[in-house]
$ cat entry13.cif   # mmCIF, C-alpha atoms and all ligand atoms
data_my_file
#
loop_
_atom_site.label_atom_id
_atom_site.label_comp_id
_atom_site.auth_asym_id
_atom_site.auth_seq_id
_atom_site.Cartn_x
_atom_site.Cartn_y
_atom_site.Cartn_z
CA MET A 7 186.54 170.19 126.64
CA LYS A 8 188.49 172.58 128.82
CA PRO A 9 187.24 172.94 132.42
CA ARG A 10 185.95 176.44 131.59
CA ASP A 11 183.97 175.16 128.56
CA THR A 12 182.49 172.37 130.73
CA GLN A 13 181.36 174.95 133.28
CA THR A 14 179.71 177.13 130.59
CA PHE A 15 177.99 174.03 129.10
CA LEU A 16 176.62 172.97 132.51
CA ILE A 17 175.27 176.49 133.21
CA ALA A 18 173.61 176.59 129.79
CA ALA A 19 172.11 173.13 130.36
CA ILE A 20 170.73 174.18 133.77
CA ILE A 21 169.17 177.35 132.26
CA VAL A 22 167.48 175.30 129.52
CA LEU A 23 166.21 172.78 132.12
CA ILE A 24 164.78 175.58 134.32
CA GLY A 25 163.13 177.02 131.19
CA ILE A 26 161.44 173.71 130.36
CA ILE A 27 160.22 173.25 133.96
CA ALA A 28 158.91 176.84 134.08
CA TYR A 29 157.08 176.30 130.73
CA LEU A 30 155.43 173.10 131.97
CA ILE A 31 154.33 174.83 135.20
CA LEU A 32 152.97 177.89 133.38
CA PHE A 33 151.25 176.01 130.54
CA PRO A 34 150.15 172.68 132.03
CA CYS A 35 147.08 172.46 129.76
CA ILE A 36 148.98 172.49 126.49
CA THR A 37 149.08 168.98 125.08
CA PRO A 38 151.26 167.81 122.24
CA ALA A 39 149.73 168.33 118.81
CA ASP A 40 149.58 164.60 118.15
CA ALA A 41 147.52 163.84 121.27
CA PRO A 42 143.97 163.01 120.09
CA PRO A 43 141.05 164.75 121.81
CA GLU A 44 139.30 162.44 124.27
CA LYS A 45 135.94 162.92 122.52
CA ALA A 46 134.73 164.93 119.56
CA PRO A 47 132.77 167.91 120.92
CA ASP A 48 129.46 167.18 119.18
CA ALA A 49 129.75 163.40 118.89
CA ARG A 50 126.25 162.89 120.30
CA ASP A 51 124.67 164.98 117.53
CA THR A 52 126.54 163.20 114.76
CA LEU A 53 124.91 160.95 112.20
CA TYR A 54 127.40 158.12 111.78
CA GLN A 55 127.07 156.33 108.46
CA VAL A 56 128.85 153.37 106.91
CA SER A 57 128.94 153.22 103.07
CA THR A 58 126.15 154.66 100.89
CA ILE A 59 122.65 153.55 99.93
CA ASN A 60 123.57 153.38 96.24
CA ALA A 61 126.49 151.08 97.07
CA LEU A 62 123.99 148.81 98.85
CA LEU A 63 121.64 148.99 95.84
CA GLN A 64 124.65 147.97 93.70
CA SER A 65 125.26 144.82 95.83
CA VAL A 66 128.09 146.03 98.08
CA TYR A 67 127.01 143.66 100.87
CA ASP A 68 130.31 142.71 102.55
CA GLY A 69 130.46 144.01 106.11
CA ILE A 70 133.31 146.42 106.82
CA VAL A 71 132.71 147.76 110.33
CA PRO A 72 132.14 145.61 113.44
CA ILE A 73 128.93 146.30 115.36
CA SER A 74 131.04 147.02 118.46
CA GLU A 75 132.56 149.98 116.61
CA ALA A 76 129.20 151.27 115.35
CA GLN A 77 127.94 151.11 118.96
CA MET A 78 130.69 153.57 119.92
CA HIS A 79 129.01 156.06 117.56
CA GLY A 80 125.41 155.58 118.60
CA ASP A 81 122.86 153.90 120.85
CA THR A 82 120.22 154.15 118.11
CA ALA A 83 120.69 152.68 114.63
CA ILE A 84 119.24 151.12 111.51
CA GLY A 85 121.03 149.18 108.79
CA THR A 86 121.87 145.63 107.83
CA THR A 87 124.60 143.08 108.57
CA ASP A 88 127.26 141.28 106.54
CA GLY A 89 125.83 139.67 103.40
CA LEU A 90 122.58 141.68 103.68
CA ASP A 91 121.60 139.34 106.52
CA GLY A 92 118.43 140.94 107.86
CA GLU A 93 117.27 144.31 109.14
CA LEU A 94 119.39 145.86 111.86
CA ILE A 95 117.96 147.99 114.64
CA GLY A 96 119.78 149.63 117.56
CA VAL A 97 117.67 150.72 120.55
CA ASP A 98 119.00 152.02 123.87
CA GLY A 99 122.46 150.76 122.94
CA GLY A 100 121.31 147.18 122.24
CA TYR A 101 121.74 146.14 118.61
CA TYR A 102 119.56 143.45 117.02
CA VAL A 103 119.07 141.95 113.60
CA ILE A 104 115.68 140.74 112.43
CA ARG A 105 116.49 137.92 110.02
CA SER A 106 114.23 136.60 107.28
CA ASP A 107 112.64 134.17 109.80
CA GLY A 108 111.19 137.24 111.53
CA VAL A 109 113.14 136.68 114.75
CA ALA A 110 115.15 139.50 116.35
CA TYR A 111 118.60 138.26 117.33
CA PRO A 112 120.85 140.28 119.67
CA LEU A 113 123.95 141.15 117.65
CA ASP A 114 127.41 140.03 118.66
CA GLY A 115 129.87 142.93 118.49
CA THR A 116 132.12 141.04 116.09
CA ILE A 117 129.43 140.81 113.37
CA THR A 118 130.11 143.41 110.68
CA THR A 119 127.85 145.81 108.80
CA PRO A 120 128.04 146.97 105.17
CA PHE A 121 125.55 149.84 105.74
CA ILE A 122 124.37 151.52 108.91
CA SER A 123 123.16 154.88 110.21
CA ALA A 124 123.61 155.51 113.93
CA THR A 125 123.54 158.31 116.49
CA PHE A 126 123.15 158.91 120.19
CA PHE A 127 119.48 159.69 120.69
CA ASP A 128 118.81 162.85 122.71
CA PRO A 129 115.32 164.08 121.72
CA ASP A 130 115.04 167.82 121.03
CA PHE A 131 111.26 167.96 120.52
CA THR A 132 108.22 165.78 119.89
CA ILE A 133 105.60 165.62 117.13
CA PRO A 134 102.12 164.31 117.98
CA VAL A 135 100.63 161.77 115.57
CA ASN A 136 96.90 161.05 115.44
CA ASP A 137 94.83 158.58 113.47
CA THR A 138 97.46 157.65 110.94
CA ALA A 139 95.71 155.38 108.46
CA ASP A 140 98.94 154.26 106.82
CA ILE A 141 102.63 155.02 106.55
CA SER A 142 102.02 157.93 104.15
CA GLY A 143 99.87 159.58 106.82
CA PHE A 144 102.62 158.97 109.32
CA GLY A 145 105.14 160.56 106.95
CA GLU A 146 102.92 163.62 106.39
CA GLN A 147 102.42 164.22 110.11
CA LEU A 148 106.12 163.74 110.78
CA GLU A 149 107.13 166.14 108.00
CA SER A 150 104.59 168.78 109.03
CA GLY A 151 106.31 168.92 112.44
CA LEU A 152 109.89 169.22 111.21
CA PRO A 153 111.36 172.75 111.43
CA SER A 154 113.36 172.39 108.20
CA ALA A 155 113.51 170.03 105.23
CA ASN A 156 117.27 170.60 105.00
CA MET A 157 118.31 168.78 108.17
CA PHE A 158 118.95 165.22 109.39
CA TYR A 159 116.73 163.97 112.21
CA ALA A 160 116.86 160.80 114.25
CA ILE A 161 113.35 159.70 115.18
CA ARG A 162 111.89 157.33 117.75
CA MET A 163 108.39 156.30 118.70
CA ASP A 164 107.47 154.02 121.59
CA GLY A 165 103.93 152.78 122.12
CA THR A 166 101.14 150.56 120.92
CA PHE A 167 100.47 150.39 117.21
CA ASP A 168 97.21 149.15 115.68
CA TYR A 169 99.17 147.63 112.84
CA VAL A 170 102.77 147.37 111.70
CA LYS A 171 103.89 145.65 108.51
CA THR A 172 107.60 144.87 108.25
CA ARG A 173 109.97 142.94 106.05
CA SER A 174 113.37 141.38 106.19
CA MET A 175 115.84 140.20 103.58
CA PRO A 176 117.51 136.77 103.40
CA LYS A 177 121.32 136.58 103.66
CA GLN A 178 122.96 136.71 100.24
CA THR A 179 125.83 134.72 98.80
CA ARG A 180 128.13 135.54 95.90
CA PRO A 181 127.57 136.39 93.14
CA TYR A 182 125.49 139.04 94.89
CA PRO A 183 122.24 140.04 93.13
CA LYS A 184 121.15 143.69 93.05
CA LEU A 185 119.14 144.85 96.05
CA ALA A 186 116.12 145.55 93.84
CA ASP A 187 116.14 141.84 92.88
CA VAL A 188 116.57 140.62 96.47
CA VAL A 189 113.26 142.34 97.34
CA ALA A 190 111.45 139.53 95.49
CA GLU A 191 112.78 137.16 98.20
CA GLN A 192 111.82 139.34 101.16
CA SER A 193 109.74 137.98 104.05
CA VAL A 194 106.83 140.16 105.21
CA PHE A 195 105.50 140.20 108.77
CA GLU A 196 102.32 141.74 110.17
CA PHE A 197 101.76 142.82 113.75
CA HIS A 198 98.32 143.75 115.13
CA ASN A 199 97.83 145.76 118.30
CA THR A 200 101.52 145.48 119.04
CA THR A 201 103.66 147.37 121.54
CA GLY A 202 107.17 148.26 120.55
CA THR A 203 109.64 150.83 119.32
CA ILE A 204 110.19 152.42 115.94
CA VAL A 205 113.55 154.06 115.30
CA GLY A 206 115.00 155.59 112.19
CA PHE A 207 116.04 158.73 110.41
CA TRP A 208 114.53 161.45 108.29
CA SER A 209 117.02 162.78 105.73
CA PRO A 210 116.80 165.74 103.34
CA ASP A 211 116.33 165.29 99.57
CA PHE A 212 119.93 166.29 98.92
CA VAL A 213 121.16 162.91 100.29
CA SER A 214 119.83 161.16 97.17
CA GLY A 215 122.27 158.39 96.26
CA PHE A 216 123.98 158.67 99.57
CA ASN A 217 121.22 157.73 102.02
CA VAL A 218 117.42 157.43 101.91
CA PRO A 219 115.66 160.80 101.39
CA GLY A 220 112.67 161.20 103.73
CA TYR A 221 111.94 158.68 106.45
CA HIS A 222 113.52 155.25 106.84
CA ILE A 223 112.29 153.41 109.92
CA HIS A 224 112.70 149.99 111.54
CA PHE A 225 110.53 148.37 114.22
CA ILE A 226 111.17 146.05 117.15
CA THR A 227 108.60 144.65 119.56
CA ASP A 228 108.62 145.59 123.23
CA ASP A 229 110.06 142.19 124.19
CA ARG A 230 112.76 142.66 121.49
CA THR A 231 111.90 139.39 119.75
CA ALA A 232 110.58 140.47 116.33
CA GLY A 233 110.32 143.44 113.98
CA GLY A 234 111.93 144.55 110.71
CA HIS A 235 112.04 147.34 108.13
CA VAL A 236 108.69 149.17 108.33
CA LEU A 237 106.59 149.03 105.14
CA ASP A 238 103.32 150.22 106.66
CA LEU A 239 101.81 151.22 109.99
CA ARG A 240 98.56 152.40 111.50
CA MET A 241 98.04 153.97 114.89
CA ASN A 242 95.55 156.05 116.86
CA ASP A 243 97.72 158.47 118.68
CA GLY A 244 101.27 158.72 119.76
CA GLU A 245 104.25 160.95 119.71
CA ILE A 246 107.42 160.95 117.64
CA LYS A 247 110.54 162.00 119.51
CA VAL A 248 112.93 163.88 117.24
CA ASP A 249 116.66 164.44 117.63
CA ILE A 250 118.17 167.14 115.37
CA THR A 251 121.39 165.63 114.03
CA PRO A 252 123.41 168.27 112.16
CA ASP A 253 126.83 166.59 112.02
CA LEU A 254 127.80 163.83 109.63
CA TYR A 255 130.55 161.20 109.85
CA ILE A 256 130.88 158.72 107.01
CA VAL A 257 133.03 155.61 106.66
CA LEU A 258 133.55 154.29 103.12
CA PRO A 259 134.94 150.85 102.28
CA THR A 260 138.63 151.08 101.37
CA GLU A 261 138.67 147.87 99.34
CA GLY A 262 136.44 145.27 97.70
CA ASP A 263 133.33 145.78 95.57
CA PHE A 264 132.91 149.42 96.58
CA TYR A 265 136.00 150.36 94.57
CA HIS A 266 134.54 149.00 91.34
CA VAL A 267 130.74 149.46 91.32
CA ASN A 268 129.13 152.18 89.26
CA LEU A 269 127.84 154.87 91.62
CA THR A 270 127.07 157.45 88.95
CA GLU A 271 123.58 156.19 88.03
CA ASP A 272 120.37 157.70 89.36
CA LEU A 273 118.94 154.76 91.32
CA SER A 274 116.09 156.65 92.97
CA SER A 275 113.33 154.56 91.38
CA ALA A 276 115.12 151.34 92.40
CA LEU A 277 115.40 152.75 95.92
CA GLU A 278 111.69 153.57 95.97
CA SER A 279 110.80 149.96 95.11
CA VAL A 280 113.24 148.58 97.71
CA GLU A 281 112.27 150.84 100.60
CA LYS A 282 108.53 151.20 100.17
CA SER A 283 107.24 148.10 98.39
ZN ZN B 1 115.46 149.52 106.30
#
$ encode --input "entry13.cif" --output "structure tokens" --more "lines below"
Ligand code: ZN
Amino acid sequence: MKPRDTQTFLIAAIIVLIGIIAYLILFPCITPADAPPEKAPDARDTLYQVSTINALLQSVYDGIVPISEAQMHGDTAIGTTDGLDGELIGVDGGYYVIRSDGVAYPLDGTITTPFISATFFDPDFTIPVNDTADISGFGEQLESGLPSANMFYAIRMDGTFDYVKTRSMPKQTRPYPKLADVVAEQSVFEFHNTTGTIVGFWSPDFVSGFNVPGYHIHFITDDRTAGGHVLDLRMNDGEIKVDITPDLYIVLPTEGDFYHVNLTEDLSSALESVEKS
């Protein structure tokens, strides 16, 4: 370069540099497009779900998401663990699995789940429940207090229950049987005059095949030592705390059985026998 060209180049370079500095001073809040947001805006009102209920009914039992990751999406959860090993419940950020021996085990974050629903529980309103003779009565009182049948709700109830009947499933090994057949092996537990916590979700009918329409609730005792998937309950009076959960985040398995099972069938009657029997 000639000396004059060098001078012109240096002046141009300085002007560009001043421009960049001025831009950064004037627009300090602008972040590069590839910088992820620190937190999704409505993450606390998001129903986080791994896989689908019909995949579980069709024996997709291999865990795909570690519990530690699910815990980042919710302090309240229900589901199961790798190999259909028991009934999972998350309460106040602590995750437990009630295995087929009826014992609630605190879950290690490295254990994986094939199916879970989780959210951060921030109650929006409460529904009083009185003299519920059975779980159908509980369901009716819950549903009569919901503002819409087209919404997801996380629900929680703390207190003393006259009676709670729960179940848990034994861990499965390959070849995996269908969930409707595993029910024959379930263990059933009964609690009388027990204090504890029920958590779960109420989902609209349009989730059929994808999650459980209506209520799906799990129980854990106050001392966090026992519980399970709730089959029946009876209580005098109490109050259901309800968290409206309008956002949905779903994680599907990207390999394994999920890629090959038939998810086109209507499995609603199989679901009914699995969830309520
Ligand atoms: Zn359950």
$ atom_distance --input "entry13.cif" --atom1 "atom CA of A:His79" --atom2 "atom CA of A:Leu254"
11.2 Å
$ residues_near_ligand --input "entry13.cif" --ligand "ligand ZN 1 (chain B)" --cutoff "7 Å" --atoms "all atoms listed in the file" --output "list in words"
Ile84, Gly85, Glu93, His222, Ile223, His224, His235 and Glu281 of chain A
$ closest_residue --input "entry13.cif" --among "A:Ser142, A:Ser106, A:Thr179, A:Gln64" --to "A:Glu271" --atoms "all atoms listed in the file"
A:Gln64
$ residues_around --input "entry13.cif" --residues "A:Ser275" --least-positions-apart "2" --cutoff "12 Å" --atoms "only C-alpha atoms" --output "list in words"
Asn60, Leu63, Ala186, Ser214, Gly215, Val218, Glu271, Asp272, Leu273, Leu277, Glu278, Ser279, Val280, Glu281, Lys282 and Ser283 of chain A
$ residues_around --input "entry13.cif" --residues "A:Leu113" --least-positions-apart "4" --cutoff "8 Å" --atoms "all atoms listed in the file" --output "MDAnalysis selection string"
chainID A and resid 73 101:103 117
$ write_last_selection --input "entry13.cif" --atoms "C-alpha atoms" --output "PDB file, in the frame of the given file"
ATOM      1  CA  ILE A  73     128.930 146.300 115.360  1.00  0.00           C
ATOM      2  CA  TYR A 101     121.740 146.140 118.610  1.00  0.00           C
ATOM      3  CA  TYR A 102     119.560 143.450 117.020  1.00  0.00           C
ATOM      4  CA  VAL A 103     119.070 141.950 113.600  1.00  0.00           C
ATOM      5  CA  ILE A 117     129.430 140.810 113.370  1.00  0.00           C
TER       6      ILE A 117
END
$ atom_distance --input "entry13.cif" --atom1 "atom CA of A:Trp208" --atom2 "atom CA of A:Asp128"
15.1 Å
$ residues_around --input "entry13.cif" --residues "A:Met175" --least-positions-apart "5" --cutoff "7 Å" --atoms "all atoms listed in the file" --output "ChimeraX atom specification"
/A:90-92,105-106,191-193
$ atom_distance --input "entry13.cif" --atom1 "atom CA of A:Ala276" --atom2 "atom CA of A:Thr82"
26.4 Å
$ residues_around --input "entry13.cif" --residues "A:Pro129" --least-positions-apart "2" --cutoff "8 Å" --atoms "all atoms listed in the file" --output "JSON, numbers by chain"
{"A": [127, 131, 132, 247, 248, 249, 250]}
$ closest_atom_pairs --input "entry13.cif" --of "stretch 40-104 of chain A" --to "stretch 153-162 of chain A" --cutoff "12 Å" --atoms "all atoms listed in the file" --output "JSON lines"
{"residue": "A:Arg50", "atom": "CA", "partner": "A:Ala160", "partner_atom": "CA", "distance": 11.4}
{"residue": "A:Asp51", "atom": "CA", "partner": "A:Ala160", "partner_atom": "CA", "distance": 9.4}
{"residue": "A:Thr52", "atom": "CA", "partner": "A:Phe158", "partner_atom": "CA", "distance": 9.5}
{"residue": "A:Leu53", "atom": "CA", "partner": "A:Phe158", "partner_atom": "CA", "distance": 7.9}
{"residue": "A:Tyr54", "atom": "CA", "partner": "A:Ala160", "partner_atom": "CA", "distance": 11.2}
{"residue": "A:Gly80", "atom": "CA", "partner": "A:Ala160", "partner_atom": "CA", "distance": 10.9}
{"residue": "A:Asp81", "atom": "CA", "partner": "A:Ala160", "partner_atom": "CA", "distance": 11.3}
{"residue": "A:Thr82", "atom": "CA", "partner": "A:Ala160", "partner_atom": "CA", "distance": 8.4}
{"residue": "A:Ala83", "atom": "CA", "partner": "A:Ala160", "partner_atom": "CA", "distance": 9.0}
{"residue": "A:Ile84", "atom": "CA", "partner": "A:Ala160", "partner_atom": "CA", "distance": 10.3}
{"residue": "A:Ile95", "atom": "CA", "partner": "A:Arg162", "partner_atom": "CA", "distance": 11.6}
{"residue": "A:Gly96", "atom": "CA", "partner": "A:Arg162", "partner_atom": "CA", "distance": 11.0}
{"residue": "A:Val97", "atom": "CA", "partner": "A:Arg162", "partner_atom": "CA", "distance": 9.2}
{"residue": "A:Asp98", "atom": "CA", "partner": "A:Arg162", "partner_atom": "CA", "distance": 10.8}
$ closest_residue --input "entry13.cif" --among "A:Ser274, A:Gln13, A:Gln55, A:Asn242" --to "A:Ile122" --atoms "only C-alpha atoms"
A:Gln55
$ closest_residue --input "entry13.cif" --among "A:Leu62, A:Leu94, A:Ala76, A:Ala19" --to "A:Gly206" --atoms "only C-alpha atoms"
A:Leu94
$ residues_around --input "entry13.cif" --residues "stretch 167-172 of chain A" --least-positions-apart "2" --cutoff "9 Å" --atoms "all atoms listed in the file" --output "ChimeraX atom specification"
/A:140,165,174,193-202,224-225,233-244
